[in-house]
Structures are given as C-alpha cells and as structure tokens.
$ cat protein.txt   # compact mmCIF, C-alpha atoms
# COMPACT_ATOMS: atom_id res chain seq x y z
CA MET W 1 15.73 46.59 -47.27
CA THR W 2 16.26 47.91 -43.76
CA PHE W 3 19.27 46.54 -41.89
CA PRO W 4 19.42 44.05 -40.29
CA PRO W 5 17.48 41.87 -42.77
CA LEU W 6 15.04 40.59 -40.15
CA ARG W 7 11.99 38.60 -41.20
CA GLU W 8 9.26 41.14 -41.90
CA GLU W 9 6.80 39.63 -39.41
CA LEU W 10 9.36 40.11 -36.63
CA ARG W 11 10.04 43.81 -37.20
CA GLY W 12 9.04 46.05 -34.32
CA ILE W 13 8.33 43.18 -31.93
CA GLU W 14 9.70 43.51 -28.41
CA PRO W 15 11.44 40.40 -27.03
CA TYR W 16 9.58 38.42 -24.39
CA GLY W 17 10.48 39.08 -20.78
CA ALA W 18 9.02 40.13 -17.46
CA PRO W 19 10.61 43.20 -15.83
CA GLN W 20 13.77 42.37 -13.86
CA LEU W 21 13.90 45.10 -11.24
CA ASP W 22 15.85 45.29 -7.99
CA VAL W 23 13.04 45.71 -5.47
CA PRO W 24 12.61 44.23 -1.98
CA VAL W 25 9.61 42.02 -2.81
CA GLN W 26 9.66 40.25 -6.20
CA LEU W 27 6.39 38.45 -6.88
CA ASN W 28 6.18 38.64 -10.68
CA VAL W 29 7.66 35.48 -12.25
CA ASN W 30 6.26 32.66 -10.10
CA GLU W 31 9.56 31.53 -8.61
CA ASN W 32 9.80 29.37 -5.51
CA PRO W 33 10.97 31.85 -2.84
CA TYR W 34 12.79 29.17 -0.85
CA GLY W 35 16.30 28.36 -2.02
CA PRO W 36 18.21 25.09 -1.60
CA SER W 37 19.80 24.00 1.68
CA ALA W 38 23.52 24.05 2.34
CA ALA W 39 23.62 20.26 1.82
CA CYS W 40 21.88 20.56 -1.54
CA ILE W 41 24.16 23.39 -2.61
CA ALA W 42 27.21 21.33 -1.68
CA ASP W 43 25.95 18.35 -3.68
CA ILE W 44 25.25 20.56 -6.69
CA ALA W 45 28.71 22.15 -6.44
CA GLU W 46 30.44 18.77 -6.20
CA SER W 47 28.41 17.40 -9.12
CA ALA W 48 29.23 20.44 -11.25
CA ALA W 49 32.91 20.09 -10.36
CA GLN W 50 32.92 16.44 -11.44
CA ALA W 51 31.24 17.42 -14.72
CA ALA W 52 33.82 20.17 -15.21
CA ALA W 53 36.58 17.57 -15.26
CA THR W 54 35.07 16.10 -18.44
CA LEU W 55 34.22 19.29 -20.31
CA ASN W 56 36.71 18.47 -23.03
CA ARG W 57 34.26 15.73 -24.11
CA TYR W 58 30.72 16.09 -25.37
CA PRO W 59 27.98 15.18 -22.88
CA ASP W 60 25.71 12.15 -23.14
CA ARG W 61 23.39 13.39 -25.87
CA GLU W 62 20.68 10.95 -24.73
CA PHE W 63 21.09 12.01 -21.05
CA VAL W 64 20.18 8.46 -20.01
CA ALA W 65 20.81 8.84 -16.28
CA LEU W 66 18.72 11.99 -16.11
CA ARG W 67 15.85 10.42 -18.02
CA GLU W 68 15.89 7.47 -15.65
CA GLN W 69 15.59 9.71 -12.60
CA LEU W 70 12.94 11.95 -14.17
CA ALA W 71 10.92 8.85 -15.05
CA SER W 72 11.16 7.66 -11.46
CA TYR W 73 10.00 11.05 -10.19
CA LEU W 74 7.05 11.27 -12.62
CA SER W 75 5.95 7.72 -11.85
CA LYS W 76 4.68 8.95 -8.47
CA ASP W 77 1.84 10.75 -10.28
CA THR W 78 0.45 7.84 -12.28
CA PRO W 79 -0.33 4.24 -11.31
CA ALA W 80 0.87 3.07 -14.75
CA GLY W 81 4.37 4.40 -14.09
CA ILE W 82 6.72 6.14 -16.52
CA VAL W 83 9.74 4.54 -18.21
CA PRO W 84 12.85 6.45 -19.39
CA GLU W 85 11.93 5.94 -23.07
CA GLN W 86 8.86 8.14 -22.43
CA VAL W 87 10.90 11.06 -21.11
CA TRP W 88 12.56 13.94 -22.92
CA ALA W 89 14.28 17.02 -21.48
CA ALA W 90 15.66 20.34 -22.69
CA ASN W 91 16.82 23.74 -21.47
CA GLY W 92 13.64 24.80 -19.71
CA SER W 93 10.10 23.89 -20.67
CA ASN W 94 10.36 26.75 -23.19
CA GLU W 95 12.81 24.73 -25.26
CA VAL W 96 10.68 21.61 -24.81
CA MET W 97 7.70 23.50 -26.25
CA LEU W 98 9.72 24.96 -29.09
CA GLN W 99 11.01 21.51 -30.01
CA LEU W 100 7.44 20.17 -30.03
CA LEU W 101 6.40 22.93 -32.44
CA GLN W 102 9.49 22.33 -34.57
CA ALA W 103 8.65 18.64 -34.80
CA PHE W 104 4.87 18.76 -35.14
CA GLY W 105 4.11 22.30 -36.31
CA GLY W 106 5.49 24.22 -39.26
CA PRO W 107 4.22 25.68 -42.54
CA GLY W 108 0.75 24.47 -43.46
CA ARG W 109 0.09 23.31 -39.90
CA THR W 110 -1.92 24.84 -37.05
CA ALA W 111 -1.47 25.19 -33.29
CA VAL W 112 -4.48 25.82 -31.06
CA SER W 113 -4.88 27.04 -27.50
CA PHE W 114 -7.58 28.84 -25.51
CA ALA W 115 -7.15 32.41 -24.29
CA PRO W 116 -6.21 33.73 -21.87
CA THR W 117 -3.20 31.48 -21.95
CA TYR W 118 0.59 31.55 -21.71
CA SER W 119 1.87 34.45 -23.78
CA MET W 120 4.81 32.48 -25.20
CA TYR W 121 2.62 29.95 -27.05
CA PRO W 122 1.89 32.19 -30.03
CA GLU W 123 5.59 33.07 -30.14
CA TYR W 124 6.54 29.39 -30.45
CA ALA W 125 4.04 29.17 -33.30
CA ARG W 126 5.41 32.30 -34.96
CA ASP W 127 9.02 31.15 -34.66
CA THR W 128 8.21 27.82 -36.34
CA ASN W 129 5.94 29.30 -39.03
CA THR W 130 2.97 27.49 -37.53
CA ARG W 131 -0.49 29.03 -37.97
CA TRP W 132 -1.83 30.18 -34.59
CA VAL W 133 -5.50 29.93 -33.57
CA ALA W 134 -6.76 30.90 -30.11
CA GLY W 135 -10.18 29.88 -28.87
CA HIS W 136 -11.63 31.44 -25.74
CA ARG W 137 -12.21 30.30 -22.21
CA ALA W 138 -15.41 30.80 -20.26
CA GLU W 139 -15.94 33.75 -17.92
CA ASP W 140 -14.50 31.72 -15.01
CA PHE W 141 -11.50 30.72 -17.20
CA SER W 142 -12.61 27.10 -17.49
CA LEU W 143 -12.92 25.40 -20.88
CA ASP W 144 -16.27 25.10 -22.62
CA LEU W 145 -15.70 21.53 -23.77
CA ASP W 146 -18.27 21.63 -26.57
CA ALA W 147 -16.79 24.83 -28.00
CA ALA W 148 -13.24 23.52 -27.55
CA ARG W 149 -14.08 20.26 -29.31
CA ASP W 150 -15.77 22.13 -32.16
CA LEU W 151 -12.72 24.39 -32.62
CA VAL W 152 -10.37 21.40 -32.78
CA LYS W 153 -12.65 19.60 -35.23
CA THR W 154 -12.82 22.71 -37.42
CA GLU W 155 -9.15 23.73 -37.35
CA ARG W 156 -7.62 20.22 -37.34
CA PRO W 157 -4.50 21.37 -35.43
CA SER W 158 -1.31 19.37 -35.34
CA VAL W 159 -0.58 20.79 -31.86
CA VAL W 160 -3.04 21.67 -29.07
CA LEU W 161 -1.50 23.53 -26.12
CA LEU W 162 -3.30 23.22 -22.78
CA PRO W 163 -1.59 24.64 -19.70
CA SER W 164 -2.87 23.06 -16.49
CA PRO W 165 -2.77 24.95 -14.20
CA ASN W 166 -3.32 27.64 -16.79
CA ASN W 167 -0.95 30.58 -16.88
CA PRO W 168 -1.92 33.32 -16.08
CA THR W 169 -5.20 32.28 -14.42
CA GLY W 170 -4.11 29.29 -12.32
CA THR W 171 -7.05 27.20 -13.55
CA ALA W 172 -6.54 23.41 -13.68
CA LEU W 173 -8.09 21.19 -16.34
CA PRO W 174 -10.27 18.25 -15.34
CA PRO W 175 -9.26 14.88 -16.84
CA GLU W 176 -12.39 14.80 -19.00
CA ALA W 177 -11.26 17.98 -20.78
CA VAL W 178 -7.95 16.40 -21.69
CA ALA W 179 -9.69 13.22 -22.82
CA VAL W 180 -12.20 15.10 -24.99
CA LEU W 181 -9.47 17.04 -26.79
CA CYS W 182 -7.20 14.03 -27.24
CA GLU W 183 -10.09 12.20 -28.89
CA ALA W 184 -11.07 15.21 -30.99
CA THR W 185 -7.49 15.70 -32.19
CA GLY W 186 -6.86 12.04 -32.89
CA GLU W 187 -3.58 10.87 -34.32
CA ASP W 188 -3.39 13.84 -36.70
CA GLY W 189 -1.95 15.92 -33.86
CA VAL W 190 -0.54 16.00 -30.35
CA VAL W 191 -2.22 17.42 -27.26
CA VAL W 192 0.31 19.05 -24.95
CA VAL W 193 -0.74 19.51 -21.32
CA ASP W 194 1.71 21.99 -19.83
CA GLU W 195 2.02 21.17 -16.12
CA ALA W 196 4.77 23.67 -15.31
CA TYR W 197 2.94 24.37 -12.05
CA GLY W 198 1.54 20.88 -11.60
CA GLU W 199 3.12 20.23 -8.20
CA PHE W 200 1.10 23.10 -6.73
CA ARG W 201 -2.30 21.67 -7.67
CA ARG W 202 -4.81 21.21 -4.87
CA THR W 203 -5.35 17.84 -3.20
CA GLY W 204 -7.55 15.64 -5.35
CA VAL W 205 -6.70 17.36 -8.64
CA PRO W 206 -5.08 14.64 -10.80
CA SER W 207 -2.19 15.00 -13.21
CA ALA W 208 -2.71 14.40 -16.91
CA LEU W 209 0.07 11.82 -16.56
CA GLU W 210 -2.67 9.40 -15.54
CA LEU W 211 -4.02 9.53 -19.10
CA LEU W 212 -0.77 8.80 -20.91
CA ALA W 213 -1.46 5.08 -21.11
CA THR W 214 -4.83 5.79 -22.76
CA TYR W 215 -3.89 8.46 -25.33
CA ARG W 216 -0.74 8.03 -27.39
CA ASN W 217 -1.13 11.57 -28.77
CA LEU W 218 -0.87 13.08 -25.27
CA VAL W 219 2.24 14.93 -24.08
CA VAL W 220 2.65 16.15 -20.49
CA THR W 221 5.36 18.73 -19.81
CA ARG W 222 6.92 19.75 -16.51
CA THR W 223 9.76 21.97 -15.31
CA MET W 224 12.26 22.19 -12.47
CA SER W 225 11.93 26.00 -12.47
CA LYS W 226 8.93 26.31 -10.18
CA ALA W 227 8.20 23.83 -7.39
CA PHE W 228 11.75 22.44 -7.60
CA ALA W 229 13.19 25.93 -6.90
CA GLY W 230 15.38 25.57 -9.99
CA ALA W 231 14.54 28.62 -12.09
CA GLY W 232 18.25 29.24 -12.66
CA LEU W 233 18.85 25.62 -13.67
CA ARG W 234 16.77 25.80 -16.87
CA LEU W 235 15.60 22.19 -17.04
CA GLY W 236 12.23 21.29 -18.54
CA TYR W 237 11.00 17.86 -19.50
CA LEU W 238 8.07 15.87 -20.86
CA ALA W 239 6.49 12.45 -20.74
CA ALA W 240 4.90 10.98 -23.85
CA ASP W 241 4.73 7.95 -26.09
CA PRO W 242 8.32 6.89 -26.98
CA ALA W 243 7.55 7.59 -30.65
CA ILE W 244 7.04 11.26 -29.78
CA CYS W 245 10.38 11.39 -27.97
CA ASP W 246 12.03 9.78 -30.99
CA ALA W 247 10.46 12.39 -33.27
CA ILE W 248 11.89 15.24 -31.18
CA ARG W 249 15.38 13.85 -31.70
CA VAL W 250 15.10 14.90 -35.34
CA VAL W 251 14.89 18.61 -34.44
CA ARG W 252 16.98 18.83 -31.27
CA LEU W 253 20.34 20.56 -31.54
CA PRO W 254 23.40 18.32 -31.07
CA TYR W 255 24.28 17.76 -27.40
CA HIS W 256 21.66 20.29 -26.36
CA LEU W 257 21.88 19.45 -22.63
CA SER W 258 25.32 20.31 -21.28
CA ALA W 259 27.19 18.00 -18.94
CA VAL W 260 26.87 20.61 -16.19
CA THR W 261 23.10 20.92 -16.67
CA GLN W 262 22.70 17.15 -16.49
CA ALA W 263 24.85 16.88 -13.38
CA VAL W 264 23.08 19.71 -11.56
CA ALA W 265 19.64 18.38 -12.46
CA LEU W 266 20.55 14.94 -11.14
CA ALA W 267 21.81 16.49 -7.92
CA ALA W 268 18.57 18.43 -7.53
CA LEU W 269 16.55 15.25 -8.05
CA ARG W 270 18.53 13.59 -5.25
CA HIS W 271 17.21 16.38 -3.01
CA ALA W 272 13.66 16.34 -4.36
CA ASP W 273 12.01 15.87 -0.98
CA GLU W 274 13.80 18.90 0.41
CA LEU W 275 13.33 21.15 -2.62
CA LEU W 276 9.62 20.30 -2.77
CA GLY W 277 9.30 20.55 0.99
CA LYS W 278 7.81 24.04 0.96
CA VAL W 279 5.11 23.26 -1.61
CA ASP W 280 2.45 22.58 1.04
CA GLU W 281 3.28 25.87 2.77
CA LEU W 282 3.06 27.74 -0.52
CA ARG W 283 -0.31 26.12 -1.26
CA ALA W 284 -1.59 27.23 2.14
CA GLU W 285 -0.23 30.74 1.59
CA ARG W 286 -1.93 30.82 -1.83
CA ASP W 287 -5.28 29.77 -0.42
CA ALA W 288 -5.02 32.36 2.35
CA LEU W 289 -4.21 35.01 -0.26
CA VAL W 290 -7.25 34.04 -2.34
CA ASP W 291 -9.46 34.34 0.76
CA TRP W 292 -7.98 37.72 1.70
CA LEU W 293 -8.35 39.17 -1.81
CA ARG W 294 -11.96 38.03 -2.00
CA ALA W 295 -12.63 39.56 1.42
CA GLN W 296 -11.35 42.85 -0.04
CA GLN W 297 -14.02 42.50 -2.77
CA TYR W 298 -11.67 41.59 -5.62
CA ASP W 299 -12.55 39.11 -8.33
CA VAL W 300 -10.12 36.21 -7.93
CA ALA W 301 -9.61 33.22 -10.21
CA ASP W 302 -9.47 29.81 -8.57
CA SER W 303 -5.81 28.79 -8.49
CA ASP W 304 -3.99 25.45 -8.49
CA ALA W 305 -0.66 27.20 -9.08
CA ASN W 306 1.74 29.32 -7.03
CA TYR W 307 0.20 32.57 -8.22
CA VAL W 308 -3.16 34.31 -8.11
CA LEU W 309 -4.92 36.36 -10.79
CA PHE W 310 -7.08 39.12 -9.35
CA GLY W 311 -8.96 42.23 -10.47
CA ARG W 312 -10.72 44.02 -11.81
CA PHE W 313 -9.08 47.40 -12.20
CA ALA W 314 -10.07 50.33 -14.40
CA ASP W 315 -6.36 51.17 -14.66
CA ARG W 316 -4.32 48.12 -13.74
CA HIS W 317 -1.05 49.75 -14.73
CA ALA W 318 -1.57 52.49 -12.15
CA VAL W 319 -2.08 49.84 -9.46
CA TRP W 320 1.00 47.91 -10.66
CA GLN W 321 3.03 51.13 -10.58
CA GLY W 322 1.75 52.01 -7.12
CA LEU W 323 2.83 48.64 -5.79
CA LEU W 324 6.23 49.01 -7.45
CA GLU W 325 6.72 52.40 -5.79
CA ARG W 326 6.15 50.61 -2.47
CA GLY W 327 8.79 48.00 -3.23
CA VAL W 328 6.50 45.21 -4.45
CA LEU W 329 6.82 43.89 -8.01
CA ILE W 330 3.94 41.83 -9.44
CA ARG W 331 2.97 41.04 -13.05
CA GLU W 332 0.81 43.09 -15.37
CA THR W 333 -0.47 40.23 -17.50
CA GLY W 334 -3.60 38.34 -18.41
CA PRO W 335 -6.95 39.81 -19.44
CA ASP W 336 -7.31 43.58 -19.35
CA GLY W 337 -8.10 44.78 -15.84
CA TRP W 338 -6.40 41.88 -14.05
CA LEU W 339 -3.05 41.52 -12.28
CA ARG W 340 -1.10 38.40 -11.25
CA VAL W 341 0.83 38.01 -8.02
CA SER W 342 3.19 35.14 -7.24
CA VAL W 343 3.00 33.45 -3.86
CA GLY W 344 6.02 34.22 -1.71
CA THR W 345 7.07 33.86 1.91
CA PRO W 346 4.69 34.99 4.69
CA ASP W 347 6.71 38.21 5.07
CA GLU W 348 6.52 38.88 1.33
CA MET W 349 2.78 38.29 1.26
CA ALA W 350 2.31 40.58 4.25
CA ALA W 351 4.25 43.28 2.39
CA PHE W 352 2.06 42.74 -0.69
CA ARG W 353 -1.17 43.02 1.31
CA ALA W 354 0.03 46.19 3.05
CA ALA W 355 1.14 47.77 -0.23
CA LEU W 356 -2.11 46.92 -2.03
CA THR W 357 -4.16 48.30 0.86
CA ASP W 358 -2.08 51.49 0.77
CA VAL W 359 -2.45 51.86 -2.99
CA ASN W 360 -6.21 51.44 -2.78
CA GLY W 361 -6.42 53.95 0.04
CA GLU W 362 -4.45 56.46 -2.01
CA ARG W 363 -6.67 55.93 -5.05
CA ALA W 364 -9.98 56.01 -3.13

$ encode --input "protein.txt" --output "structure tokens"
Amino acid sequence: MTFPPLREELRGIEPYGAPQLDVPVQLNVNENPYGPSAACIADIAESAAQAAATLNRYPDREFVALREQLASYLSKDTPAGIVPEQVWAANGSNEVMLQLLQAFGGPGRTAVSFAPTYSMYPEYARDTNTRWVAGHRAEDFSLDLDAARDLVKTERPSVVLLPSPNNPTGTALPPEAVAVLCEATGEDGVVVVDEAYGEFRRTGVPSALELLATYRNLVVTRTMSKAFAGAGLRLGYLAADPAICDAIRVVRLPYHLSAVTQAVALAALRHADELLGKVDELRAERDALVDWLRAQQYDVADSDANYVLFGRFADRHAVWQGLLERGVLIRETGPDGWLRVSVGTPDEMAAFRAALTDVNGERA
C-alpha cells in the first residue's frame, strides 16, 4: 500500500479551495467588500477579551445565547417566527452541511442536488460515504419541477440539497419548488435549502423560512460569511424542526463552537443593522453589472446573490488569466464556458469592467 494509507477514493484529489492571490481587486469568493465599523470592531474586541478570561473552561456546548439571537434575527423573514429550539450553528455553513450529511446521509443512503450547483455538495457526500446523484437544471438554470420530482421519487434520497440563490448561478428557487420537493421527499428524508446568499435576494423573493411551519422535513441554512461581512468569523447556522436539531447533536463534536466564536458572533448580531447596511447598495451594483454585461452581448444568469455568472467563452481560462494579469481576480467555476464575478465596491466593479473590456479588445 502506498503511504500514507489514504482511502482509495481520495487518492489524487486536490483539496477544495479558490485561489488566494494578492491582487488589487479580489472578486472571486463572494465576500462582502465592506468591513465592520470602528464601533463594531471595538465591541468584537471587548467581547473576545471577556471570552478569553474564561478560556480555561469549556464553552456552552448548547450556545443558548447565540441560538436565541439567531432565532430573533431569522424571525424577521417569516410571520410564524423562529424559536431557539429550531436553531443550530457550527463553524461555517460548511460544517452545518457536513453535520447534516453525517446525521442523515451515510452508507446505503443517497443525497440529491441539481447541477450546476455548489461544488462542495458532492464532497460532503463523499466524506460521509453517501451516494451522490445530481439531476440537471434547465437551460436558464431554473428547476424543471416535474423532472426534479421524478428524480426524487426514483432515488428516494435521505438528503436533498437546494441552494437558493444557487451557487454558482445566483438563481433563486420559488416557494412552489421547495414545496414540491418537500412533499416528494416526505419524512424519509430532509430537504435542505441553502440560503447562504439569502439576504441578497431581490425584493419580493421570499425565504424558504416561510415554509418551515408547513414542512417538518425542511431545513433552511444561512451564514454570517456573506451579507454579514463575517467570512473570517466562520459561523453558519440553520433553522429546522427541533427534532432535526436534536439529531445533529448526535454527530457534533464536543464543544464544537468555541467561546470566542460565540462571543464574536453575538457581538456581530448586535451590529446587524450596520453590517447589513450595504446590502441594498450591493444589490444595486449587482443589477447594474447584469445590465452592463448584457449590453456587452454576454449571456448572464439572473442573480439574487452578490455575484453574477456570465459567458459564454470558447476559452474561459484565457479570459480569467487576462483579467488576473490586469489585477482582477474572479472565479473560474460553473458550467464550461462561464465565469463568475463577485459584486464589490463601485471602484472594484469599474476596474472589472475596464479589465474585461481590455481583455476582449486584446482577443478580438
């Protein structure tokens, strides 16, 4: 056997990760470009200092205070409200998803999603020995509900993963799509609507949180990495039936949320209005970017996120490289021939437009 004795199905696989390059304009990982204020930073620092004084003790493994505040925040998106017993949190929505697959996936079980979709989903399935099945989206990246229902009925998955807005396309799911798949899955599985970018959805686009009271097999996940400008915090969370939260406790690692993480997340929630204050500006910048790209004759996916998927390129890597050479880093991801650009500040978007125009002129 070759050393180290890695599982055979993992040999030769590159670890997940977008390029981390030191360039002037970084528009590749969908971060919020606006950092916290001095007041928010001071509150976070003080909260972390208070937590540091207790680091000789284990943290609250049920993170009760944090769950209470997350429930209060999520309640704004559903008339039924959310109670703390419906909330779970972990180190980024990645860990939330992995815990869901650990609890509800596994050998002899199946996870389903619809491509193109978030590239980490099949990795969660692989890491938990869950069979992975990917259906396909329509040409406009929406879901064909009849085909999606048929796939779920055929495969009988224990986990259905539905990002909304979808990464990498930015496409949001209508409530009827969530309802159809919750009903098709039934209580033999859970339907996970990944709303990592949910705060960026356009006016009038509802959150799947509104359906939680109707479907006990529904899970809605969120993160503080995107709209909350907390990518470095690593705090993801979900809302679901309390029985689902109880089930996750079986697979969570002991004291998985540190005292510092809990304290910093609570401080960030105290400044929610400020941290989310640039969301409207980023939406407007996104919509202007979509209009500009379409005016340049690109195909552009409708977006409810803080990024835009555009194409189509005969050699997308050459375009990506050309932009990088001009100091602009975007993401080479999604269907072949497409590129994804995060929405940044007005100056960053101006730099992106200038660089893309220059690259196209060079390649013409």

$ residues_around --input "protein.txt" --residues "W:Leu235" --least-positions-apart "2" --cutoff "10 Å" --atoms "only C-alpha atoms" --output "list in words"
Ala89, Ala90, Asn91, Gly92, Ser93, Asn94, Glu95, Val96, Arg222, Thr223, Met224, Ser225, Gly230, Ala231, Gly232, Leu233, Tyr237, Leu257, Thr261, Gln262, Val264 and Ala265 of chain W

$ atom_distance --input "protein.txt" --atom1 "atom CA of W:Val159" --atom2 "atom CA of W:Val191"
5.9 Å

$ closest_residue --input "protein.txt" --among "W:Val190, W:Ala243, W:Ile82, W:Ala351" --to "W:Val112" --atoms "all atoms listed in the file"
W:Val190

$ atom_distance --input "protein.txt" --atom1 "atom CA of W:Ala301" --atom2 "atom CA of W:Leu339"
10.8 Å

$ residues_around --input "protein.txt" --residues "W:Asn167" --least-positions-apart "5" --cutoff "9 Å" --atoms "only C-alpha atoms" --output "MDAnalysis selection string"
chainID W and resid 116:119 197 305 307 334

$ closest_residue --input "protein.txt" --among "W:Arg286, W:Pro15, W:Glu199, W:Tyr34" --to "W:Lys76" --atoms "all atoms listed in the file"
W:Glu199

$ atom_distance --input "protein.txt" --atom1 "atom CA of W:Phe200" --atom2 "atom CA of W:Asp299"
21.1 Å

$ closest_residue --input "protein.txt" --among "W:Ala134, W:Ala272, W:Val343, W:Val308" --to "W:Val290" --atoms "all atoms listed in the file"
W:Val308

$ residues_around --input "protein.txt" --residues "W:Pro254" --least-positions-apart "2" --cutoff "10 Å" --atoms "only C-alpha atoms" --output "mmCIF file with C-alpha atoms, in the frame of the given file"
data_model
loop_
_atom_site.group_PDB
_atom_site.id
_atom_site.type_symbol
_atom_site.label_atom_id
_atom_site.label_comp_id
_atom_site.auth_asym_id
_atom_site.auth_seq_id
_atom_site.Cartn_x
_atom_site.Cartn_y
_atom_site.Cartn_z
ATOM 1 C CA TYR W 58 30.720 16.090 -25.370
ATOM 2 C CA PRO W 59 27.980 15.180 -22.880
ATOM 3 C CA ARG W 61 23.390 13.390 -25.870
ATOM 4 C CA ARG W 249 15.380 13.850 -31.700
ATOM 5 C CA VAL W 250 15.100 14.900 -35.340
ATOM 6 C CA VAL W 251 14.890 18.610 -34.440
ATOM 7 C CA ARG W 252 16.980 18.830 -31.270
ATOM 8 C CA HIS W 256 21.660 20.290 -26.360
ATOM 9 C CA LEU W 257 21.880 19.450 -22.630
#

$ closest_residue --input "protein.txt" --among "W:Ser142, W:Glu31, W:Thr2, W:Asn56" --to "W:Ser258" --atoms "all atoms listed in the file"
W:Asn56

$ closest_residue --input "protein.txt" --among "W:Val192, W:Ala52, W:Ala80, W:Val25" --to "W:Leu218" --atoms "only C-alpha atoms"
W:Val192

$ residues_around --input "protein.txt" --residues "W:Phe352" --least-positions-apart "6" --cutoff "10 Å" --atoms "all atoms listed in the file" --output "list in words"
Val25, Gln26, Leu27, Leu289, Leu323, Arg326, Gly327, Val328, Leu329, Ile330, Val341, Val343, Gly344, Pro346 and Asp358 of chain W

$ closest_residue --input "protein.txt" --among "W:Trp338, W:Phe141, W:Phe228, W:Phe63" --to "W:His271" --atoms "all atoms listed in the file"
W:Phe228

$ residues_around --input "protein.txt" --residues "W:Arg11" --least-positions-apart "5" --cutoff "12 Å" --atoms "all atoms listed in the file" --output "MDAnalysis selection string"
chainID W and resid 1:6

$ closest_atom_pairs --input "protein.txt" --of "stretch 201-292 of chain W" --to "stretch 173-186 of chain W" --cutoff "8 Å" --atoms "all atoms listed in the file" --output "JSON lines"
{"residue": "W:Val205", "atom": "CA", "partner": "W:Pro174", "partner_atom": "CA", "distance": 7.6}
{"residue": "W:Pro206", "atom": "CA", "partner": "W:Pro175", "partner_atom": "CA", "distance": 7.3}
{"residue": "W:Ser207", "atom": "CA", "partner": "W:Pro175", "partner_atom": "CA", "distance": 7.9}
{"residue": "W:Ala208", "atom": "CA", "partner": "W:Pro175", "partner_atom": "CA", "distance": 6.6}
{"residue": "W:Leu211", "atom": "CA", "partner": "W:Ala179", "partner_atom": "CA", "distance": 7.7}
{"residue": "W:Tyr215", "atom": "CA", "partner": "W:Cys182", "partner_atom": "CA", "distance": 6.8}
{"residue": "W:Asn217", "atom": "CA", "partner": "W:Cys182", "partner_atom": "CA", "distance": 6.7}
{"residue": "W:Leu218", "atom": "CA", "partner": "W:Cys182", "partner_atom": "CA", "distance": 6.7}

$ decode --input "protein.txt" --residues "stretch 168-182 of chain W" --atoms "N, CA and C atoms" --output "short mmCIF file (atom, residue, chain, number, x, y, z; two decimals), in the first residue's frame"
data_model
loop_
_atom_site.label_atom_id
_atom_site.label_comp_id
_atom_site.auth_asym_id
_atom_site.auth_seq_id
_atom_site.Cartn_x
_atom_site.Cartn_y
_atom_site.Cartn_z
N PRO W 168 -23.26 28.15 -8.52
CA PRO W 168 -22.69 29.44 -8.89
C PRO W 168 -23.58 30.35 -9.74
N THR W 169 -24.83 30.01 -9.97
CA THR W 169 -25.62 30.75 -10.96
C THR W 169 -26.35 31.96 -10.40
N GLY W 170 -26.60 31.98 -9.09
CA GLY W 170 -27.35 33.08 -8.49
C GLY W 170 -28.85 32.93 -8.55
N THR W 171 -29.34 31.82 -9.08
CA THR W 171 -30.77 31.61 -9.30
C THR W 171 -31.49 31.26 -8.00
N ALA W 172 -32.59 31.97 -7.72
CA ALA W 172 -33.39 31.68 -6.52
C ALA W 172 -34.50 30.69 -6.86
N LEU W 173 -34.89 29.91 -5.85
CA LEU W 173 -35.98 28.95 -6.01
C LEU W 173 -37.31 29.57 -5.62
N PRO W 174 -38.36 29.37 -6.40
CA PRO W 174 -39.68 29.81 -5.97
C PRO W 174 -40.20 28.90 -4.86
N PRO W 175 -41.09 29.41 -4.01
CA PRO W 175 -41.60 28.58 -2.91
C PRO W 175 -42.24 27.28 -3.38
N GLU W 176 -42.88 27.30 -4.55
CA GLU W 176 -43.54 26.07 -5.02
C GLU W 176 -42.53 24.96 -5.30
N ALA W 177 -41.30 25.33 -5.70
CA ALA W 177 -40.28 24.31 -5.94
C ALA W 177 -39.89 23.62 -4.63
N VAL W 178 -39.72 24.41 -3.59
CA VAL W 178 -39.40 23.85 -2.29
C VAL W 178 -40.53 22.96 -1.80
N ALA W 179 -41.76 23.43 -1.96
CA ALA W 179 -42.92 22.65 -1.51
C ALA W 179 -43.02 21.32 -2.25
N VAL W 180 -42.85 21.36 -3.57
CA VAL W 180 -42.94 20.14 -4.37
C VAL W 180 -41.92 19.11 -3.90
N LEU W 181 -40.68 19.54 -3.64
CA LEU W 181 -39.64 18.59 -3.28
C LEU W 181 -39.76 18.13 -1.83
N CYS W 182 -40.27 18.98 -0.95
CA CYS W 182 -40.54 18.53 0.42
C CYS W 182 -41.61 17.43 0.40
#
